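Raw contents of query00.txt, compact mmCIF, C-alpha atoms:
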# COMPACT_ATOMS: atom_id res chain seq x y z
CA MET A 1469 1.05 -54.66 0.34
CA ARG A 1470 -1.72 -52.17 -0.20
CA ASN A 1471 -1.23 -51.05 3.40
CA HIS A 1472 2.47 -50.49 2.80
CA LEU A 1473 1.76 -48.31 -0.19
CA LEU A 1474 -0.76 -46.37 1.88
CA TYR A 1475 1.87 -45.67 4.53
CA VAL A 1476 4.42 -44.69 1.90
CA LEU A 1477 1.95 -42.27 0.39
CA PHE A 1478 1.24 -40.93 3.86
CA ILE A 1479 4.95 -40.29 4.44
CA GLY A 1480 5.07 -38.51 1.11
CA THR A 1481 2.36 -36.09 2.10
CA LEU A 1482 4.39 -34.86 5.09
CA GLY A 1483 6.81 -32.76 3.15
CA CYS A 1484 6.18 -32.96 -0.53
CA THR A 1485 2.57 -32.21 -1.35
CA ALA A 1486 1.44 -28.77 -2.44
CA GLN A 1487 -1.66 -27.43 -0.77
CA HIS A 1488 -3.29 -24.05 -1.15
CA GLN A 1489 -5.60 -22.50 1.38
CA VAL A 1490 -7.88 -19.59 0.80
CA ARG A 1491 -8.33 -17.36 3.79
CA VAL A 1492 -11.17 -14.95 3.18
CA ASN A 1493 -10.52 -11.66 4.89
CA ASP A 1494 -12.18 -9.08 2.70
CA THR A 1495 -12.00 -5.80 4.55
CA GLU A 1496 -13.62 -3.67 1.89
CA ASP A 1497 -15.69 -1.06 3.72
CA VAL A 1498 -19.28 -1.91 4.46
CA ALA A 1499 -21.04 0.60 6.69
CA ILE A 1500 -22.51 -1.33 9.61
CA LYS A 1501 -24.89 0.60 11.80
CA LYS A 1502 -27.12 -2.25 12.88
CA LEU A 1503 -25.70 -5.70 13.49
CA ALA A 1504 -27.26 -9.04 14.33
CA LEU A 1505 -24.81 -10.97 16.48
CA VAL A 1506 -25.50 -14.70 16.50
CA VAL A 1507 -23.55 -16.71 19.07
CA PRO A 1508 -25.16 -20.12 19.63
CA GLU A 1509 -24.66 -22.20 22.75
CA SER A 1510 -21.97 -24.41 21.33
CA GLY A 1511 -18.50 -25.79 21.83
CA SER A 1512 -17.06 -27.86 24.59
CA PHE A 1513 -14.55 -27.33 27.34
CA GLU A 1514 -11.31 -29.13 26.51
CA VAL A 1515 -7.99 -29.69 28.15
CA GLN A 1516 -5.41 -30.80 25.62
CA TYR A 1517 -2.58 -32.11 27.70
CA ASP A 1518 -1.11 -35.21 26.06
CA ARG A 1519 -2.84 -35.05 22.70
CA LEU A 1520 -0.33 -32.73 21.06
CA ARG A 1521 2.53 -35.08 21.82
CA GLN A 1522 1.01 -37.74 19.61
CA THR A 1523 2.57 -38.33 16.20
CA GLY A 1524 1.73 -40.56 13.28
CA THR A 1525 4.42 -43.03 14.37
CA SER A 1526 1.92 -45.60 15.56
CA ALA A 1527 0.11 -45.40 12.24
CA ILE A 1528 3.32 -46.06 10.33
CA LEU A 1529 4.47 -48.90 12.55
CA PHE A 1530 1.26 -50.66 13.41
CA GLY A 1531 -1.34 -49.55 10.89
CA ALA A 1532 -4.81 -48.34 11.58
CA VAL A 1533 -5.44 -50.70 14.49
CA GLY A 1534 -2.19 -49.72 16.19
CA TYR A 1535 -2.99 -46.09 15.62
CA ALA A 1536 -6.42 -46.52 17.15
CA ILE A 1537 -4.93 -48.27 20.19
CA ALA A 1538 -2.30 -45.55 20.64
CA GLU A 1539 -4.93 -42.88 20.19
CA SER A 1540 -7.25 -44.43 22.76
CA TYR A 1541 -4.29 -44.76 25.16
CA ASN A 1542 -3.46 -41.11 24.71
CA ASP A 1543 -7.11 -40.23 25.08
CA SER A 1544 -7.31 -42.14 28.36
CA MET A 1545 -4.20 -40.32 29.62
CA ASP A 1546 -5.79 -37.06 28.54
CA ALA A 1547 -9.08 -37.92 30.12
CA LYS A 1548 -7.60 -38.58 33.54
CA LYS A 1549 -5.68 -35.32 33.68
CA GLU A 1550 -8.29 -33.28 31.86
CA GLY A 1551 -11.05 -34.44 34.18
CA GLU A 1552 -9.49 -32.72 37.16
CA ILE A 1553 -9.49 -29.32 35.46
CA ILE A 1554 -12.74 -29.75 33.55
CA HIS A 1555 -14.58 -30.45 36.80
CA SER A 1556 -13.63 -27.05 38.16
CA PHE A 1557 -15.04 -25.38 35.02
CA LYS A 1558 -18.33 -27.25 34.91
CA ASP A 1559 -20.33 -24.03 35.30
CA LEU A 1560 -18.42 -22.05 32.69
CA ASP A 1561 -20.27 -21.17 29.49
CA CYS A 1562 -17.59 -19.93 27.09
CA SER A 1563 -20.13 -18.91 24.42
CA ARG A 1564 -22.03 -16.76 26.87
CA SER A 1565 -18.83 -15.10 28.12
CA VAL A 1566 -17.64 -14.26 24.60
CA ARG A 1567 -21.12 -12.98 23.68
CA THR A 1568 -21.35 -10.82 26.82
CA ASN A 1569 -17.86 -9.39 26.38
CA MET A 1570 -18.49 -8.60 22.72
CA ALA A 1571 -21.76 -6.84 23.45
CA LYS A 1572 -20.02 -4.80 26.17
CA VAL A 1573 -17.32 -3.58 23.74
CA PHE A 1574 -19.90 -2.73 21.07
CA GLY A 1575 -21.90 -0.78 23.67
CA ASN A 1576 -18.92 1.11 25.09
CA GLU A 1577 -16.80 1.74 22.05
CA SER A 1578 -18.97 1.98 18.97
CA ASP A 1579 -22.16 3.42 17.56
CA ILE A 1580 -23.14 0.07 16.13
CA GLN A 1581 -26.49 -1.09 17.41
CA VAL A 1582 -26.20 -4.77 18.24
CA ASP A 1583 -28.96 -7.30 18.80
CA VAL A 1584 -27.87 -10.67 20.14
CA PHE A 1585 -29.41 -13.96 19.03
CA LEU A 1586 -28.77 -17.54 20.01
CA LYS A 1587 -29.85 -19.00 16.65
CA HIS A 1588 -29.53 -17.75 13.10
CA GLU A 1589 -33.18 -18.62 12.47
CA ASP A 1590 -34.20 -16.18 15.20
CA VAL A 1591 -32.72 -13.18 13.37
CA ALA A 1592 -35.68 -11.01 12.46
CA GLY A 1593 -35.62 -7.46 11.22
CA LYS A 1594 -33.39 -5.38 9.00
CA TYR A 1595 -29.68 -5.50 9.71
CA ASP A 1596 -26.70 -4.16 7.78
CA ALA A 1597 -24.87 -7.36 8.58
CA VAL A 1598 -25.17 -10.64 10.43
CA ALA A 1599 -22.18 -11.89 12.44
CA GLN A 1600 -22.26 -15.60 13.19
CA LEU A 1601 -19.75 -16.84 15.76
CA ASP A 1602 -19.64 -20.58 16.33
CA LEU A 1603 -17.51 -21.53 19.27
CA ILE A 1604 -15.77 -24.81 18.50
CA GLU A 1605 -14.03 -25.32 21.78
CA CYS A 1606 -12.41 -23.53 24.66
CA GLY A 1607 -10.22 -24.68 27.49
CA PHE A 1608 -6.52 -25.16 28.11
CA THR A 1609 -3.91 -26.34 25.66
CA LEU A 1610 -0.18 -26.91 25.62
CA GLY A 1611 1.52 -23.92 24.05
CA ASN A 1612 3.72 -26.16 21.99
CA GLN A 1613 5.19 -29.64 22.11
CA ASP A 1614 8.26 -28.24 23.84
CA ILE A 1615 6.42 -26.31 26.52
CA GLU A 1616 5.02 -27.90 29.63
CA LYS A 1617 2.60 -25.11 30.40
CA LEU A 1618 -1.11 -25.03 29.67
CA PHE A 1619 -2.60 -21.86 28.22
CA PRO A 1620 -6.26 -20.84 28.04
CA TYR A 1621 -7.59 -20.83 24.49
CA VAL A 1622 -10.74 -20.47 22.47
CA THR A 1623 -11.34 -21.60 18.89
CA LEU A 1624 -14.26 -20.33 16.87
CA ASN A 1625 -15.53 -19.87 13.36
CA ALA A 1626 -16.46 -16.30 12.61
CA LYS A 1627 -18.43 -15.14 9.61
CA VAL A 1628 -19.86 -11.69 8.91
CA VAL A 1629 -22.19 -11.28 5.95
CA SER A 1630 -23.71 -8.01 4.78
CA SER A 1631 -27.40 -7.62 3.98
CA GLU A 1632 -26.43 -7.85 0.28
CA GLY A 1633 -24.86 -11.23 0.90
CA LYS A 1634 -21.29 -9.96 0.67
CA ILE A 1635 -18.86 -11.85 2.90
CA ILE A 1636 -17.08 -9.22 4.99
CA TRP A 1637 -15.11 -11.63 7.08
CA ASP A 1638 -14.87 -15.41 7.20
CA ASP A 1639 -12.22 -17.02 9.30
CA ARG A 1640 -11.38 -19.54 11.95
CA GLU A 1641 -9.90 -17.86 14.99
CA LYS A 1642 -7.83 -19.53 17.66
CA ILE A 1643 -7.04 -17.11 20.44
CA VAL A 1644 -4.52 -18.27 23.03
CA GLY A 1645 -3.81 -16.47 26.28
CA SER A 1646 -0.33 -15.16 26.97
CA GLU A 1647 -0.19 -16.51 30.51
CA GLY A 1648 0.05 -20.20 31.16
CA ARG A 1649 0.54 -22.49 34.13
CA ALA A 1650 1.99 -25.93 34.64
CA PHE A 1651 -0.63 -28.66 34.94
CA GLY A 1652 -0.06 -28.99 38.69
CA GLY A 1653 -0.44 -25.25 39.10
CA LEU A 1654 -3.84 -25.23 37.39
CA VAL A 1655 -5.16 -28.14 39.42
CA GLY A 1656 -3.79 -26.79 42.68
CA ASP A 1657 -4.95 -23.21 42.20
CA LYS A 1658 -8.38 -23.22 40.61
CA GLY A 1659 -8.84 -19.50 41.30
CA THR A 1660 -5.90 -18.68 39.05
CA ALA A 1661 -7.15 -21.08 36.38
CA LYS A 1662 -10.51 -19.31 36.35
CA GLN A 1663 -8.87 -15.89 36.24
CA LEU A 1664 -6.74 -16.93 33.25
CA MET A 1665 -9.83 -18.23 31.46
CA ASP A 1666 -11.88 -15.10 32.24
CA ASP A 1667 -9.10 -12.83 30.98
CA LEU A 1668 -8.81 -14.84 27.78
CA LEU A 1669 -12.58 -14.78 27.11
CA SER A 1670 -12.63 -11.04 27.77
CA GLU A 1671 -9.73 -10.52 25.33
CA ALA A 1672 -11.39 -12.77 22.75
CA GLY A 1673 -14.69 -10.86 23.01
CA ALA A 1674 -12.87 -7.52 22.57
CA ARG A 1675 -10.82 -8.72 19.60
CA LEU A 1676 -13.83 -10.15 17.81
CA ALA A 1677 -15.82 -6.97 18.37
CA TYR A 1678 -12.90 -4.83 17.17
CA ASN A 1679 -12.68 -6.97 14.02
CA ILE A 1680 -16.15 -5.70 13.15
CA ILE A 1681 -15.87 -2.15 14.53
CA TYR A 1682 -12.58 -1.47 12.72
CA GLN A 1683 -13.20 -3.60 9.61
CA MET B 479 6.75 -60.21 -8.01
CA SER B 480 6.93 -59.82 -4.26
CA VAL B 481 10.58 -58.63 -4.52
CA TYR B 482 9.46 -56.10 -7.12
CA ARG B 483 6.78 -54.82 -4.73
CA VAL B 484 9.26 -54.46 -1.88
CA TRP B 485 11.59 -52.43 -4.12
CA MET B 486 8.66 -50.34 -5.33
CA THR B 487 7.71 -49.61 -1.74
CA LEU B 488 11.26 -48.60 -0.85
CA ALA B 489 11.54 -46.44 -3.96
CA LEU B 490 8.28 -44.69 -3.15
CA ALA B 491 9.39 -44.16 0.44
CA VAL B 492 12.64 -42.53 -0.70
CA LEU B 493 10.82 -40.47 -3.33
CA GLY B 494 8.05 -39.50 -0.96
CA SER B 495 10.21 -38.32 1.92
CA GLY B 496 13.29 -37.19 -0.03
CA CYS B 497 12.79 -33.48 0.44
CA ALA B 498 12.46 -34.06 4.16
CA PHE B 499 16.26 -34.22 4.39
CA THR B 500 17.12 -30.77 3.05
CA ASP B 501 16.88 -27.61 5.15
CA ALA B 502 14.15 -25.12 4.34
CA THR B 503 14.33 -21.32 4.53
CA LEU B 504 10.97 -19.60 4.72
CA PRO B 505 10.28 -16.00 3.59
CA VAL B 506 8.05 -15.28 6.61
CA ASP B 507 6.74 -11.73 6.48
CA TYR B 508 3.96 -9.53 7.79
CA ASP B 509 1.53 -8.97 4.96
CA GLU B 510 0.41 -5.34 5.19
CA ALA B 511 -2.52 -6.17 2.93
CA HIS B 512 -3.90 -8.19 5.87
CA ALA B 513 -3.06 -5.51 8.43
CA SER B 514 -6.04 -4.68 10.57
CA ARG B 515 -7.03 -1.60 12.52
CA GLY B 516 -7.87 -1.48 16.19
CA PRO B 517 -8.63 1.11 18.84
CA ILE B 518 -5.02 2.32 18.68
CA SER B 519 -6.00 4.03 15.42
CA THR B 520 -8.31 6.34 17.42
CA LEU B 521 -5.51 7.62 19.67
CA LYS B 522 -3.79 10.93 19.20
CA ASP B 523 -0.48 10.33 17.44
CA ASN B 524 2.24 10.59 20.06
CA GLY B 525 4.88 9.03 17.87
CA PHE B 526 6.58 5.72 18.52
CA LYS B 527 10.20 4.76 18.30
CA VAL B 528 10.55 1.04 17.65
CA GLU B 529 13.95 -0.12 18.85
CA ALA B 530 15.70 -3.21 17.52
CA PHE B 531 14.00 -6.24 19.08
CA ALA B 532 16.00 -8.94 20.85
CA ASP B 533 16.02 -12.64 20.10
CA ASP B 534 15.21 -14.29 23.42
CA ARG B 535 14.27 -17.71 22.11
CA GLN B 536 15.61 -20.88 23.69
CA ASP B 537 16.61 -22.14 20.24
CA LYS B 538 18.06 -19.20 18.34
CA ILE B 539 19.19 -21.26 15.36
CA ARG B 540 16.02 -22.53 13.72
CA ILE B 541 12.26 -22.06 13.81
CA GLY B 542 11.38 -25.73 13.56
CA PHE B 543 12.27 -29.14 12.25
CA LYS B 544 11.21 -31.13 9.29
CA ARG B 545 10.03 -34.50 10.49
CA ASN B 546 9.46 -37.82 8.81
CA GLY B 547 6.45 -40.04 9.31
CA TYR B 548 7.97 -41.41 12.52
CA GLY B 549 8.19 -37.94 14.02
CA GLN B 550 12.00 -37.95 13.78
CA LYS B 551 13.82 -34.68 13.01
CA THR B 552 15.30 -34.80 9.52
CA ALA B 553 16.24 -31.20 8.70
CA ASP B 554 16.06 -27.64 10.01
CA ILE B 555 13.64 -24.89 9.10
CA PHE B 556 14.90 -21.29 9.08
CA THR B 557 13.55 -17.86 8.21
CA GLN B 558 15.11 -15.66 5.52
CA ASP B 559 15.35 -12.66 7.87
CA PRO B 560 16.21 -12.79 11.58
CA VAL B 561 13.04 -13.37 13.59
CA GLU B 562 13.57 -10.27 15.74
CA LYS B 563 13.65 -8.13 12.56
CA ILE B 564 10.54 -9.83 11.18
CA VAL B 565 8.61 -9.09 14.38
CA SER B 566 9.86 -5.52 14.89
CA ASP B 567 9.13 -4.68 11.24
CA ALA B 568 5.64 -6.10 11.72
CA VAL B 569 5.07 -3.98 14.83
CA THR B 570 6.26 -0.87 12.95
CA GLU B 571 3.99 -1.55 9.97
CA ALA B 572 1.02 -2.28 12.22
CA LEU B 573 1.43 0.96 14.19
CA GLU B 574 1.75 2.96 10.98
CA HIS B 575 -1.31 1.23 9.56
CA ASN B 576 -3.10 2.42 12.71
CA ARG B 577 -2.32 6.07 11.99
CA GLN B 578 0.65 6.32 14.35
CA THR B 579 3.97 7.80 13.36
CA VAL B 580 7.03 5.61 13.83
CA GLY B 581 10.49 7.16 13.74
CA PRO B 582 13.59 8.08 15.72
CA GLU B 583 11.88 11.13 17.26
CA GLY B 584 8.97 9.12 18.67
CA SER B 585 8.13 9.83 22.32
CA ILE B 586 7.10 6.25 23.16
CA LEU B 587 9.83 3.64 23.06
CA VAL B 588 8.76 0.20 21.89
CA LYS B 589 11.03 -2.69 22.84
CA GLY B 590 10.51 -6.36 22.24
CA ASP B 591 11.96 -9.73 23.18
CA VAL B 592 10.97 -12.51 20.80
CA LYS B 593 10.32 -15.50 23.07
CA ARG B 594 9.06 -18.01 20.55
CA PHE B 595 8.93 -18.26 16.80
CA TRP B 596 8.21 -21.90 16.25
CA PHE B 597 6.76 -24.14 13.58
CA GLU B 598 5.56 -27.61 14.47
CA VAL B 599 4.16 -30.53 12.54
CA ASP B 600 1.69 -32.97 14.08
CA PRO B 601 1.19 -35.88 11.66
CA ASN B 602 -1.94 -37.96 12.06
CA PHE B 603 -3.13 -40.93 10.07
CA PHE B 604 -4.56 -39.23 6.99
CA THR B 605 -3.83 -35.58 7.69
CA VAL B 606 -1.05 -33.35 8.96
CA LYS B 607 -1.58 -30.45 11.30
CA PHE B 608 0.82 -27.52 10.88
CA MET B 609 1.07 -25.26 13.91
CA GLY B 610 2.79 -21.90 14.29
CA THR B 611 3.47 -19.91 17.44
CA VAL B 612 4.91 -16.42 17.69
CA THR B 613 5.38 -14.93 21.14
CA CYS B 614 6.93 -11.56 21.87
CA ASP B 615 7.22 -9.61 25.10
CA ILE B 616 6.59 -6.00 24.08
CA SER B 617 7.06 -2.96 26.32
CA PHE B 618 6.01 0.65 25.81
CA THR B 619 8.02 3.26 27.73
CA ASP B 620 7.62 7.03 27.92
CA LYS B 621 10.90 8.35 26.55
CA LEU B 622 10.74 11.60 28.50
CA SER B 623 9.92 10.24 31.96
CA ASN B 624 11.44 6.81 31.34
CA GLU B 625 8.31 5.30 32.94
CA LEU B 626 6.98 1.98 31.75
CA ILE B 627 3.55 2.55 30.22
CA TYR B 628 2.60 -1.04 29.46
CA GLN B 629 4.19 -4.43 28.95
CA LYS B 630 2.70 -7.70 27.78
CA GLU B 631 3.72 -10.98 26.24
CA TYR B 632 1.67 -11.22 23.06
CA VAL B 633 0.96 -14.59 21.49
CA GLY B 634 -0.07 -15.47 17.96
CA ASN B 635 -1.05 -18.94 16.84
CA TYR B 636 -2.21 -20.43 13.61
CA GLU B 637 -3.07 -24.02 12.79
CA LYS B 638 -3.81 -25.66 9.50
CA GLU B 639 -4.81 -29.28 9.03
CA THR B 640 -4.49 -30.64 5.50
CA GLY B 641 -3.49 -33.72 3.59
CA GLY B 642 0.02 -32.29 3.37
CA GLY B 643 1.93 -29.14 2.69
CA LEU B 644 5.15 -27.74 1.32
CA GLU B 645 7.16 -24.66 2.16
CA ALA B 646 4.46 -22.30 0.88
CA THR B 647 2.05 -23.75 3.46
CA TRP B 648 4.62 -23.55 6.26
CA THR B 649 5.38 -19.93 5.35
CA GLU B 650 1.67 -19.16 5.35
CA VAL B 651 1.22 -20.76 8.78
CA MET B 652 4.09 -18.75 10.29
CA SER B 653 3.07 -15.49 8.59
CA LEU B 654 -0.50 -15.88 9.87
CA SER B 655 0.79 -16.71 13.37
CA LEU B 656 2.75 -13.44 13.24
CA GLU B 657 -0.32 -11.63 11.94
CA ASN B 658 -2.39 -12.98 14.84
CA MET B 659 0.23 -11.88 17.35
CA ILE B 660 0.20 -8.37 15.89
CA ASP B 661 -3.61 -8.42 15.89
CA SER B 662 -3.63 -9.21 19.61
CA MET B 663 -1.44 -6.15 20.23
CA ILE B 664 -3.39 -3.77 17.99
CA LYS B 665 -6.68 -4.90 19.57
CA ASP B 666 -5.51 -5.01 23.18
CA PRO B 667 -7.90 -2.78 25.15
CA ARG B 668 -5.49 -2.58 28.12
CA LEU B 669 -2.70 -1.25 25.91
CA VAL B 670 -5.02 1.41 24.53
CA ALA B 671 -6.13 2.40 28.05
CA ALA B 672 -2.50 2.63 29.20
CA LEU B 673 -1.48 4.78 26.21
CA LYS B 674 -4.49 7.04 26.76
CA ALA B 675 -3.64 7.44 30.46
CA ASN B 676 -0.03 8.26 29.59
CA ALA B 677 -1.10 10.87 27.05
CA THR B 678 -3.36 12.51 29.65
CA LYS B 679 -0.55 12.47 32.22
CA ALA B 680 1.93 13.90 29.74
CA THR B 681 -0.46 16.70 28.81
CA ALA B 682 -1.04 17.53 32.50
CA THR B 683 2.70 17.53 33.23
CA SER B 684 3.40 19.70 30.23
CA SER B 685 0.64 22.19 31.21
CA ALA B 686 1.96 22.36 34.77
CA GLY B 687 5.44 23.08 33.44
CA GLU B 688 4.17 26.17 31.65
CA TYR B 689 3.71 28.05 34.91
When written as C-alpha cells, how does the structure in this file appear?
Amino acid sequence: MRNHLLYVLFIGTLGCTAQHQVRVNDTEDVAIKKLALVVPESGSFEVQYDRLRQTGTSAILFGAVGYAIAESYNDSMDAKKEGEIIHSFKDLDCSRSVRTNMAKVFGNESDIQVDVFLKHEDVAGKYDAVAQLDLIECGFTLGNQDIEKLFPYVTLNAKVVSSEGKIIWDDREKIVGSEGRAFGGLVGDKGTAKQLMDDLLSEAGARLAYNIIYQ
Amino acid sequence: MSVYRVWMTLALAVLGSGCAFTDATLPVDYDEAHASRGPISTLKDNGFKVEAFADDRQDKIRIGFKRNGYGQKTADIFTQDPVEKIVSDAVTEALEHNRQTVGPEGSILVKGDVKRFWFEVDPNFFTVKFMGTVTCDISFTDKLSNELIYQKEYVGNYEKETGGGLEATWTEVMSLSLENMIDSMIKDPRLVAALKANATKATATSSAGEY
C-alpha cells in the first residue's frame, strides 16, 4: 500500500507541484583585465540514443525493481549503439578543445589577459576574476523524442567569480549543434561526425569566451 | 480498511493528476533583462529590417503535450503569442540590445523559419526532466544587392530536472530555450565575420560608384 501511495504522489508531481529555480546571471559590470581560466580534465563522452525515449511508465507499473530492469535494458540498448560512435572518438578530449578554443577567442578578440589552469588549486597570482568551467559531458544526443537525428552537444557548469568574491556568472550551459545526422550516418561517416563535434566545440568555446568578454 | 485504502489511492490519483487534463497556455517571452551582448555589438550599425518570421514547424498547433505518469498525452500546451512572433520579437530585441538599429529602412533583411518550438517532459522515478527546444533558420540578406550574407539554423535548449513543476516552470524552460537560441545567434563568430565582410564590400561598391 505504501508503494501505491508513493506512485500516486509521483504522478501528482508531474503536473501539479510548484517549483522555483534561481538562475544566477548577474551581469553587473566588473572590469576584467586579467582572468584565470580553470578548465579541469573532466566529463565523459556520451551518446544518448535510446535514453530519452524512456518514461516513468515502468516505475508506475512495476515499481522500483521494474524500473531498474527497464533502465538496465535501455542502458544495454544504448551501450551497443553508443559503443560504435564512442570508439571513433576515443582520442577526443572535449575539455581541452573547449579550453583551446576559448583561449584563442580571448587572444584574438579581447584585451583580457588569460592564464589557463587545469585545477583551481593551481591558480596563483592576482586575477580580477576566476572562471571555472567544469565539463559534465559531451557527445551526441537526440534533438528531441520526435527526432531521429543525433546532434553534437556539450554540457558544462560555468562559474565566474571576481576577486572580491562577487559571482559574475553562474550557470549550467548545454550547447547543442544545429546540424545533426541519423545514427547510421554518424557510424558510416566518421569524418562527418568528427567535423560536427569539432564545429560544436569551437562554437561552445567562442560562446563561453564571449559570455565573459561581453558580460 | 483495505477498501478505504483503495479509495484513498484512487482519490489521490485523481487529485494528483487532475490538472493534467486541461490545456495550458504559456506566456513564453524573451526577457530583455537577460539579454546578452556579443561581438555583433562591436559592428558598425548598418540597420536591420526584421521581416515577419514563418512558422515551419511540423506541428503548428501546439508546443507540447501534458503527460501522465504513464507517458500518455493528456492535454495540449500552447503559447499565448504565435511562436513565429515570439522568435522574431526576440531577434529584434537582441539586435537592438547589441546596438543595432531595427526598422523598416534597415539595409539587412532578417528572415526566419521557426522549425521547432517544443516542450517535452521526461518523467523518471523520483524526478521529472523538463526539456525545451527552439530552432529557427535565420537568414541575413543585403537588401540592396539581394545577396545572401549568412544563413544558419540556430538551436536553443534548456533542461531542468526537479521533483515536479507547474506552468511557471514550463514557461521558464521555454523562455530560457529561446534565450539560448538567441544567445547562439548573437555570439556566432561566423555571422559577425559575414556581416563585417558585407559591410566592407558595400563600402567598396559605394566608393566605386562615386566615380
Residues within 10 Å of (-14.6, -18.9, 15.6), file coordinates, counting all atoms listed in the file: what are they? Give the list as an mmCIF file with C-alpha atoms, in the frame of the given file.
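Just written: result-v2.cif:
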data_model
loop_
_atom_site.group_PDB
_atom_site.id
_atom_site.type_symbol
_atom_site.label_atom_id
_atom_site.label_comp_id
_atom_site.auth_asym_id
_atom_site.auth_seq_id
_atom_site.Cartn_x
_atom_site.Cartn_y
_atom_site.Cartn_z
ATOM 1 C CA VAL A 1507 -23.550 -16.710 19.070
ATOM 2 C CA GLN A 1600 -22.260 -15.600 13.190
ATOM 3 C CA LEU A 1601 -19.750 -16.840 15.760
ATOM 4 C CA ASP A 1602 -19.640 -20.580 16.330
ATOM 5 C CA LEU A 1603 -17.510 -21.530 19.270
ATOM 6 C CA ILE A 1604 -15.770 -24.810 18.500
ATOM 7 C CA GLU A 1605 -14.030 -25.320 21.780
ATOM 8 C CA VAL A 1622 -10.740 -20.470 22.470
ATOM 9 C CA THR A 1623 -11.340 -21.600 18.890
ATOM 10 C CA LEU A 1624 -14.260 -20.330 16.870
ATOM 11 C CA ASN A 1625 -15.530 -19.870 13.360
ATOM 12 C CA ALA A 1626 -16.460 -16.300 12.610
ATOM 13 C CA LYS A 1627 -18.430 -15.140 9.610
ATOM 14 C CA ASP A 1638 -14.870 -15.410 7.200
ATOM 15 C CA ASP A 1639 -12.220 -17.020 9.300
ATOM 16 C CA ARG A 1640 -11.380 -19.540 11.950
ATOM 17 C CA GLU A 1641 -9.900 -17.860 14.990
ATOM 18 C CA LYS A 1642 -7.830 -19.530 17.660
ATOM 19 C CA ILE A 1643 -7.040 -17.110 20.440
ATOM 20 C CA ALA A 1672 -11.390 -12.770 22.750
ATOM 21 C CA LEU A 1676 -13.830 -10.150 17.810
#
Exercise. Would you mind telling me which residue in B:Leu673, B:Ala646, B:Val588, B:Ala682 lies nearest to Pro505 of chain B when using all atoms listed in the file?
Key: B:Ala646
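Coordinates place atom CA of Glu1647 of chain A at a distance of 18.5 Å from atom CA of Ile1554 of chain A.
In this comparison, which uses only C-alpha atoms, the residue of B:Ser585, B:Ser566, B:Thr678, B:Gln550 approaching chain A most closely is B:Gln550.
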Exercise. Give as a ChimeraX atom specification the set of residues within 12 Å of the point (16.5, -25.6, 7.1), where distances use the file's coordinates and only C-alpha atoms.
Key: /B:497-505,539-545,551-558,597,645
Write the selection just made, keeping C-alpha atoms, as a PDB file, in the coordinates of the input?
ATOM      1  CA  CYS B 497      12.790 -33.480   0.440  1.00  0.00           C
ATOM      2  CA  ALA B 498      12.460 -34.060   4.160  1.00  0.00           C
ATOM      3  CA  PHE B 499      16.260 -34.220   4.390  1.00  0.00           C
ATOM      4  CA  THR B 500      17.120 -30.770   3.050  1.00  0.00           C
ATOM      5  CA  ASP B 501      16.880 -27.610   5.150  1.00  0.00           C
ATOM      6  CA  ALA B 502      14.150 -25.120   4.340  1.00  0.00           C
ATOM      7  CA  THR B 503      14.330 -21.320   4.530  1.00  0.00           C
ATOM      8  CA  LEU B 504      10.970 -19.600   4.720  1.00  0.00           C
ATOM      9  CA  PRO B 505      10.280 -16.000   3.590  1.00  0.00           C
ATOM     10  CA  ILE B 539      19.190 -21.260  15.360  1.00  0.00           C
ATOM     11  CA  ARG B 540      16.020 -22.530  13.720  1.00  0.00           C
ATOM     12  CA  ILE B 541      12.260 -22.060  13.810  1.00  0.00           C
ATOM     13  CA  GLY B 542      11.380 -25.730  13.560  1.00  0.00           C
ATOM     14  CA  PHE B 543      12.270 -29.140  12.250  1.00  0.00           C
ATOM     15  CA  LYS B 544      11.210 -31.130   9.290  1.00  0.00           C
ATOM     16  CA  ARG B 545      10.030 -34.500  10.490  1.00  0.00           C
ATOM     17  CA  LYS B 551      13.820 -34.680  13.010  1.00  0.00           C
ATOM     18  CA  THR B 552      15.300 -34.800   9.520  1.00  0.00           C
ATOM     19  CA  ALA B 553      16.240 -31.200   8.700  1.00  0.00           C
ATOM     20  CA  ASP B 554      16.060 -27.640  10.010  1.00  0.00           C
ATOM     21  CA  ILE B 555      13.640 -24.890   9.100  1.00  0.00           C
ATOM     22  CA  PHE B 556      14.900 -21.290   9.080  1.00  0.00           C
ATOM     23  CA  THR B 557      13.550 -17.860   8.210  1.00  0.00           C
ATOM     24  CA  GLN B 558      15.110 -15.660   5.520  1.00  0.00           C
ATOM     25  CA  PHE B 597       6.760 -24.140  13.580  1.00  0.00           C
ATOM     26  CA  GLU B 645       7.160 -24.660   2.160  1.00  0.00           C
TER      27      GLU B 645
END
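Pairwise distance (atom CA of Val1591 of chain A, atom CA of Lys1502 of chain A) equals 12.3 Å.
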Exercise. Would you mind telling me which residue in B:Lys607, B:Lys679, B:Lys621, B:Lys563 lies nearest to chain A when using only C-alpha atoms?
Key: B:Lys607
Self-check item: Neighbour list for Glu650 of chain B as a list of chain:residue names, cut-off 10 Å, only C-alpha atoms, skip fewer than 4 positions in-chain
Solution: A:His1488, A:Gln1489, B:Leu504, B:Pro505, B:Val506, B:Asp507, B:Gly610, B:Tyr636, B:Lys638, B:Glu645, B:Ala646, B:Leu654, B:Ser655, B:Leu656
Practice problem: Write down, as number ranges by chain, each residue of chain B that has any atom within 8 Å of an atom of chain A, counting only C-alpha atoms. | Solution: B: 483, 487, 490-491, 493-495, 497-498, 512, 514-517, 544-549, 598, 600-604, 606, 611, 631-636, 640-644, 646-647, 662, 665-667
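If only C-alpha atoms are the atoms counted, then among B:Leu573, B:Val592, B:Ile564, B:Ala513 the closest residue to Lys538 of chain B is B:Val592.
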Self-check item: Atomic distance atom CA of Gly581 of chain B - atom CA of Arg594 of chain B, expressed in Å with one decimal
Solution: 26.1 Å
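Closest to Glu529 of chain B among B:Tyr508, B:Ala572, B:Leu587, B:Gln578 is B:Leu587, based on all atoms listed in the file.
In terms of minimum interatomic distance to Lys522 of chain B, B:Asn576 ranks closest within B:Ile660, B:Ala568, B:Asn576, B:Glu510, counting all atoms listed in the file.
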So that all listed atoms of segment 1605-1609 of chain A fit with 5 Å spare on each side, what axis-aligned box centre and edge lengths in Å, to one decimal, would you give as lines of an AutoDock Vina configuration file?
center_x = -9.0
center_y = -24.9
center_z = 24.9
size_x = 20.1
size_y = 12.8
size_z = 16.3
